[in-house]
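Undergrad: Take this structure first; my questions come after.
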Amino acid sequence: MDSIKKAYGYVTRKKNGKTQVLVFQHPIPEAGIQIPKGTVNDQEDTYNAVIREIEEETGLKNFVVENLIVEDNWKNDDGAIHNRFFYRINVSDAPDEWNYQPAGGEDEEELTFHYFWISSKDEVELIRGHGYYLHHVFI
C-alpha cells in the first residue's frame with residue numbers, strides 16, 4: 001500500500017519570553033483541535049507543501065520554516081498509511097486569536113477554523129497524532 005505524504009506545521013512564536021504553538025478548533029466537533037497540515041501534492045516537496053498549507057489554512061504570510069523536526073509513518077483511522085513530515089515554523093507577527101476560512105478547497109470549503117496559541121504540550125488535547133512531537137518545541 002502506498003503512503004500518503006502529509007506536511008504538518010508547528011507554527012511557533014515567542015510571547016512574554018515563552019514559546020507558543022498555533023492550534024485551531026475545527027468546526028466539526030469530532031475533528032477536534034489540530035495543527036495546520038495537509039497533503040503533499042504530486043511533484044511537490046514537503047518543504048514547499050508545508051509553506052502552502054500554512055498560507056492556505058491560516059492566512060499567515062510572514063513566517064519562516066526553521067527545520068524539519070521529524071518524519072514518521074502513521075496509520076490513520078481509515079487504514080491509510082501517512083508519511084508525515086513535521087516542521088517547526090516561526091512567526092513574529094500574528095494575532096492572539098482569529099477565525100479563518102481555509103483557501104485550499106476540498107473538504108474544508110466554507111468551514112471556519114478558530115486559531116489560538118498554546119503555551120505547553122498539555123494545555124489542550126490535540127486530535128490523535130498532532131501532538132506527538134510537541135516535546136521538541138516545548139523544551
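By convention in this document, the chains of the C-alpha cells carry letters A, B, ... by their order, each chain's residues are numbered from 1, and ligands are numbered from 1 in the order they are shown.
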List as an mmCIF file with C-alpha atoms, in the first residue's frame the protein and nucleic acid residues near His136 of chain A, meaning an atom at most 12 Å away when only C-alpha atoms are counted, but skip any in the same chain fewer than 3 places from it.

TA:
```
data_model
loop_
_atom_site.group_PDB
_atom_site.id
_atom_site.type_symbol
_atom_site.label_atom_id
_atom_site.label_comp_id
_atom_site.auth_asym_id
_atom_site.auth_seq_id
_atom_site.Cartn_x
_atom_site.Cartn_y
_atom_site.Cartn_z
ATOM 1 C CA TYR A 10 4.211 23.541 14.396
ATOM 2 C CA THR A 12 5.643 28.946 16.881
ATOM 3 C CA THR A 19 7.255 29.645 23.244
ATOM 4 C CA VAL A 21 2.318 26.904 19.272
ATOM 5 C CA ASN A 67 13.588 22.999 10.220
ATOM 6 C CA LEU A 68 12.152 19.540 9.769
ATOM 7 C CA ILE A 69 11.611 18.147 13.275
ATOM 8 C CA VAL A 70 10.754 14.561 12.402
ATOM 9 C CA PHE A 86 6.576 17.793 10.994
ATOM 10 C CA TYR A 87 8.195 21.210 10.533
ATOM 11 C CA ARG A 88 8.937 23.952 13.019
ATOM 12 C CA SER A 120 2.508 23.926 26.845
ATOM 13 C CA LYS A 121 2.039 20.466 25.369
ATOM 14 C CA GLY A 131 0.705 16.472 19.461
ATOM 15 C CA TYR A 132 3.211 13.617 19.285
ATOM 16 C CA TYR A 133 6.221 15.874 18.758
ATOM 17 C CA ILE A 139 11.713 22.219 25.725
#
```

Undergrad: For the structure I just gave you, how does DSSP split segment 38-129 of chain A - specifically, which residues are strand (DSSP E)? Reply as an NGL selection string.

TA: :A and (38-39 or 63-75 or 81-91 or 97-100 or 113-118)

Undergrad: Could you list, as a VMD selection string, every residue within 7 Å of segment 22-35 of chain A, counting only C-alpha atoms and ignoring same-chain residues fewer than 4 positions away?

TA: chain A and resid 9 to 12 111 to 118 125 to 127 130

Undergrad: For segment 79-85 of chain A, work out the shell of residues within 8 Å, counting only C-alpha atoms and skipping chain neighbours fewer than 5 positions away, then give it as a VMD selection string.

TA: chain A and resid 1 to 8 46 68 to 74

Undergrad: For each of A:Gly104, A:Val50, A:Lys15, A:Asn76, take the minimum atom-to-atom distance to Ile89 of chain A, counting only C-alpha atoms, then give the residue where this is smallest.

TA: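 Checking each of A:Gly104, A:Val50, A:Lys15, A:Asn76 against Ile89 of chain A, counting only C-alpha atoms, the winner is A:Val50.
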
Undergrad: Between A:Arg128, A:Ser119, A:Arg52, A:Asn62, which residue has the minimum interatomic distance to Asp93 of chain A, considering only C-alpha atoms?

TA: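 The answer is A:Asn62, which sits nearest to Asp93 of chain A.
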
Undergrad: Which of these, A:Glu57, A:Asn90, A:Glu123, A:Val65, has the shortest distance to Glu110 of chain A once you count only C-alpha atoms?

TA: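 Of A:Glu57, A:Asn90, A:Glu123, A:Val65, the one nearest Glu110 of chain A is A:Glu57, counting only C-alpha atoms.
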